[in-house]
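Engineer: Below is protein-v8.txt; it holds compact mmCIF, C-alpha atoms.
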# COMPACT_ATOMS: atom_id res chain seq x y z
CA MET A 1 41.80 -7.98 -3.85
CA LEU A 2 40.72 -4.80 -5.62
CA THR A 3 42.18 -1.37 -5.10
CA LEU A 4 40.11 1.70 -4.29
CA GLU A 5 40.74 2.95 -7.83
CA GLN A 6 39.32 -0.28 -9.26
CA MET A 7 36.26 0.00 -7.00
CA GLU A 8 35.81 3.63 -8.09
CA ALA A 9 35.88 2.41 -11.70
CA LEU A 10 33.17 -0.10 -10.80
CA ALA A 11 31.18 2.73 -9.18
CA ARG A 12 31.58 4.74 -12.41
CA THR A 13 30.20 1.73 -14.33
CA VAL A 14 27.23 1.52 -11.95
CA SER A 15 26.63 5.27 -12.35
CA THR A 16 26.81 5.09 -16.15
CA ALA A 17 24.45 2.11 -16.26
CA ARG A 18 22.01 3.91 -13.93
CA GLU A 19 22.12 7.07 -16.05
CA SER A 20 21.33 5.01 -19.15
CA LEU A 21 18.50 3.25 -17.34
CA ALA A 22 17.20 6.56 -15.99
CA GLY A 23 17.23 8.04 -19.49
CA THR A 24 15.23 5.12 -20.83
CA CYS A 25 12.79 5.39 -17.92
CA ASP A 26 12.43 9.15 -18.51
CA ALA A 27 11.63 8.50 -22.17
CA MET A 28 9.07 5.85 -21.20
CA GLN A 29 7.46 8.16 -18.62
CA GLU A 30 7.21 10.97 -21.19
CA GLU A 31 5.52 8.65 -23.66
CA LEU A 32 3.12 7.48 -20.95
CA ARG A 33 2.30 11.11 -20.08
CA ALA A 34 1.62 11.83 -23.77
CA ILE A 35 -0.72 8.82 -23.98
CA GLU A 36 -2.44 9.92 -20.79
CA ARG A 37 -2.91 13.45 -22.15
CA LYS A 38 -4.38 11.98 -25.35
CA TYR A 39 -6.91 9.70 -23.62
CA LEU A 40 -7.71 11.61 -20.43
CA PRO A 41 -10.50 13.80 -21.91
CA ARG A 42 -12.22 10.70 -23.34
CA ILE A 43 -11.79 8.84 -20.06
CA LYS A 44 -13.30 11.75 -18.11
CA ARG A 45 -16.29 11.86 -20.46
CA ALA A 46 -16.74 8.08 -20.18
CA VAL A 47 -16.52 8.21 -16.37
CA HIS A 48 -19.11 11.00 -16.30
CA ALA A 49 -21.43 9.07 -18.63
CA ALA A 50 -21.05 5.86 -16.59
CA GLY A 51 -21.75 7.79 -13.37
CA GLU A 52 -24.89 9.35 -14.85
CA ALA A 53 -26.11 5.97 -16.11
CA GLN A 54 -25.53 4.38 -12.70
CA ALA A 55 -27.30 7.25 -10.95
CA ALA A 56 -30.27 6.90 -13.34
CA LEU A 57 -30.53 3.15 -12.62
CA LEU A 58 -30.29 3.77 -8.86
CA ALA A 59 -33.04 6.40 -9.06
CA ALA A 60 -35.21 3.98 -11.07
CA VAL A 61 -34.70 1.25 -8.44
CA GLN A 62 -35.55 3.69 -5.63
CA ASP A 63 -38.67 4.94 -7.43
CA ASN A 64 -39.92 1.43 -8.23
CA ARG A 65 -39.47 -0.54 -5.03
CA LYS A 66 -42.50 -2.73 -5.76
CA CYS A 67 -40.64 -4.32 -8.67
CA PHE A 68 -38.20 -5.78 -6.15
CA GLU A 69 -40.44 -7.51 -3.62
CA ARG A 70 -39.41 -11.02 -4.77
CA PRO A 71 -36.62 -11.36 -5.73
CA ARG A 72 -35.16 -8.27 -4.08
CA SER A 73 -32.45 -7.88 -6.71
CA ARG A 74 -31.89 -8.64 -10.36
CA GLN A 75 -28.91 -8.99 -12.66
CA ALA A 76 -28.85 -7.88 -16.28
CA HIS A 77 -25.98 -7.16 -18.66
CA GLY A 78 -23.43 -7.78 -15.92
CA VAL A 79 -25.03 -5.25 -13.55
CA LYS A 80 -26.71 -6.29 -10.31
CA PHE A 81 -29.37 -3.93 -8.98
CA GLY A 82 -32.22 -3.93 -6.50
CA TRP A 83 -32.51 -3.81 -2.72
CA ARG A 84 -30.46 -5.46 0.04
CA LYS A 85 -30.29 -5.27 3.77
CA GLN A 86 -27.45 -3.09 5.02
CA SER A 87 -25.26 -4.54 7.75
CA GLY A 88 -25.71 -1.46 9.91
CA LYS A 89 -23.07 0.50 11.76
CA LEU A 90 -22.00 -0.35 15.28
CA THR A 91 -21.23 2.74 17.37
CA TRP A 92 -20.74 3.73 21.00
CA SER A 93 -20.22 7.04 22.70
CA ASP A 94 -18.09 5.84 25.63
CA PRO A 95 -15.65 3.02 24.83
CA ASP A 96 -14.56 2.74 28.48
CA TYR A 97 -18.17 2.08 29.51
CA VAL A 98 -18.56 -0.61 26.82
CA VAL A 99 -15.31 -2.29 27.93
CA ALA A 100 -16.44 -2.21 31.58
CA ARG A 101 -19.79 -3.77 30.61
CA ILE A 102 -18.04 -6.50 28.59
CA GLU A 103 -15.76 -7.25 31.54
CA ARG A 104 -18.77 -7.45 33.88
CA LEU A 105 -21.29 -9.27 31.68
CA LEU A 106 -19.05 -11.37 29.39
CA PRO A 107 -15.78 -11.95 31.26
CA GLU A 108 -15.04 -15.12 29.29
CA LEU A 109 -15.08 -13.10 26.03
CA VAL A 110 -12.94 -10.15 27.14
CA GLU A 111 -9.90 -11.32 25.16
CA THR A 112 -12.06 -11.72 22.06
CA LEU A 113 -14.13 -8.54 22.36
CA VAL A 114 -11.59 -6.08 23.81
CA LYS A 115 -8.46 -5.00 21.99
CA VAL A 116 -5.59 -4.10 24.28
CA THR A 117 -2.44 -2.86 22.63
CA LYS A 118 0.61 -1.72 24.52
CA THR A 119 3.77 -1.98 22.49
CA PRO A 120 7.09 -0.16 22.65
CA ARG A 121 7.67 2.44 19.94
CA LYS A 122 10.81 1.42 18.07
CA ALA A 123 11.36 4.82 16.48
CA ALA A 124 11.33 6.54 19.87
CA LEU A 125 13.46 3.87 21.54
CA GLN A 126 16.10 4.10 18.82
CA ASP A 127 16.72 7.72 19.85
CA LEU A 128 17.87 6.59 23.31
CA ASP A 129 21.50 5.88 24.13
CA ALA A 130 22.71 2.26 24.16
CA ALA A 131 23.02 2.09 27.98
CA THR A 132 19.40 3.16 28.49
CA ILE A 133 18.22 0.76 25.81
CA LYS A 134 20.04 -2.07 27.61
CA LYS A 135 18.49 -1.08 30.99
CA LEU A 136 15.04 -1.32 29.39
CA GLY A 137 15.74 -4.91 28.37
CA CYS A 138 16.09 -4.18 24.66
CA VAL A 139 18.84 -5.52 22.46
CA ILE A 140 20.34 -3.83 19.42
CA THR A 141 21.03 -6.43 16.74
CA ASP A 142 22.61 -6.34 13.31
CA SER A 143 24.58 -3.21 14.12
CA GLN A 144 27.84 -4.42 12.54
CA ASP A 145 29.34 -2.85 9.43
CA ALA A 146 27.73 -3.90 6.17
CA ALA A 147 28.72 -3.18 2.59
CA PHE A 148 26.25 -1.02 0.67
CA VAL A 149 25.58 0.82 -2.58
CA GLU A 150 23.13 3.66 -2.04
CA LEU A 151 21.07 5.34 -4.72
CA ALA A 152 19.64 8.86 -4.67
CA ASP A 153 15.93 9.31 -3.98
CA THR A 154 14.51 11.09 -7.02
CA GLU A 155 11.32 9.70 -8.58
CA VAL A 156 13.30 8.23 -11.45
CA ASP A 157 15.78 6.74 -8.98
CA LYS A 158 12.94 5.06 -7.09
CA LEU A 159 11.79 3.41 -10.30
CA VAL A 160 15.37 2.53 -11.21
CA ARG A 161 15.94 1.04 -7.74
CA ALA A 162 12.84 -1.13 -8.06
CA LEU A 163 13.90 -2.33 -11.50
CA LEU A 164 17.47 -2.98 -10.31
CA LYS A 165 16.24 -4.92 -7.28
CA GLU A 166 14.06 -7.07 -9.51
CA SER A 167 17.00 -7.64 -11.88
CA VAL A 168 19.38 -8.48 -9.01
CA ASP A 169 16.81 -10.86 -7.45
CA GLU A 170 16.39 -12.64 -10.80
CA SER A 171 20.18 -12.88 -11.20
CA ILE A 172 20.55 -14.35 -7.71
CA GLU A 173 17.83 -16.91 -8.46
CA GLU A 174 19.61 -17.86 -11.72
CA VAL A 175 22.91 -18.32 -9.86
CA ARG A 176 21.24 -20.52 -7.22
CA ALA A 177 19.51 -22.67 -9.85
Mind turning this structure into structure tokens?

Structural biologist:
Amino acid sequence: MLTLEQMEALARTVSTARESLAGTCDAMQEELRAIERKYLPRIKRAVHAAGEAQAALLAAVQDNRKCFERPRSRQAHGVKFGWRKQSGKLTWSDPDYVVARIERLLPELVETLVKVTKTPRKAALQDLDAATIKKLGCVITDSQDAAFVELADTEVDKLVRALLKESVDESIEEVRA
């Protein structure tokens, strides 16, 4: 059995390892930002040029509809262009009226055509006291004490946490194998 001092030493080791990992991640992020700064102007110009080229092709298709009577679309150089039927947009102004009509005219399809959702809100229920929660028929589970190691929530820490989780998961899989 370990003493609190020994566990604090382990916590110091975790902290030191995290600081090292965070430093490496910071260095990587800085290099990525430098690369992004280097290429971003070229990427913006390329995106603008691609957008203009696509707009020019779309305008050409719109101005020359007769070229697309049969077949209605073509493919060239990995780009498909032409005309196609749009699926259309289904709308209604009064959903209650539509539901009532479905219930009247298509009662056998109500479950398929009508979405009914009534569910308790966990976040709101968790704010209630335990006695009230019990009266409502809810059960609180997994509320026993559990060991934990908690990390801070900076951006670097989020990345570190994800990398640590992946590393721990891999280690657990190795142990099980």

Engineer: Hey, can you check how far atom CA of Arg45 of chain A sits from atom CA of Val61 of chain A?

Structural biologist: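 Separation of atom CA of Arg45 of chain A and atom CA of Val61 of chain A: 24.4 Å.
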
Engineer: With all atoms listed in the file as the atoms that count, which of A:Met1, A:Ala59, A:Val156, A:Ala50 lies nearest to Arg18 of chain A?

Structural biologist: A:Val156

Engineer: Of the residues A:Leu106, A:Phe81, A:Ala131, A:Leu113, which is the one nearest to Ala56 of chain A, using only C-alpha atoms?

Structural biologist: A:Phe81

Engineer: Contacts of segment 64-72 of chain A at 8 Å or less, counting all atoms listed in the file, minus same-chain residues fewer than 4 places along, as a ChimeraX atom specification?

Structural biologist: /A:60,82-84

Engineer: When distances are computed from all atoms listed in the file, which of A:Thr24, A:Ile43, A:Val116, A:Ile140 shows the smallest separation from Leu128 of chain A?

Structural biologist: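 The closest residue to Leu128 of chain A is A:Ile140.
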
Engineer: Could you tell me how far atom CA of Val99 of chain A lies from atom CA of Val114 of chain A, in Å and to one decimal?

Structural biologist: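 If I compute the distance from atom CA of Val99 of chain A to atom CA of Val114 of chain A, I get 6.7 Å.
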
Engineer: By how many Å are atom CA of Ala17 of chain A and atom CA of Leu164 of chain A apart?

Structural biologist: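 According to the coordinates, atom CA of Ala17 of chain A and atom CA of Leu164 of chain A are separated by 10.5 Å.
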
Engineer: So, with all atoms listed in the file as the atoms that count, which of A:Lys115, A:Leu40, A:Pro120, A:Leu125 lies closest to Asp96 of chain A?

Structural biologist: A:Lys115

Engineer: List every protein, DNA or RNA residue that has an atom no more than 9 Å from (8.0, 10.8, -13.0) in the file's coordinate frame, counting all atoms listed in the file, and report them as a list in words.

Structural biologist: Cys25, Asp26, Gln29, Glu30, Thr154, Glu155, Val156 and Leu159 of chain A
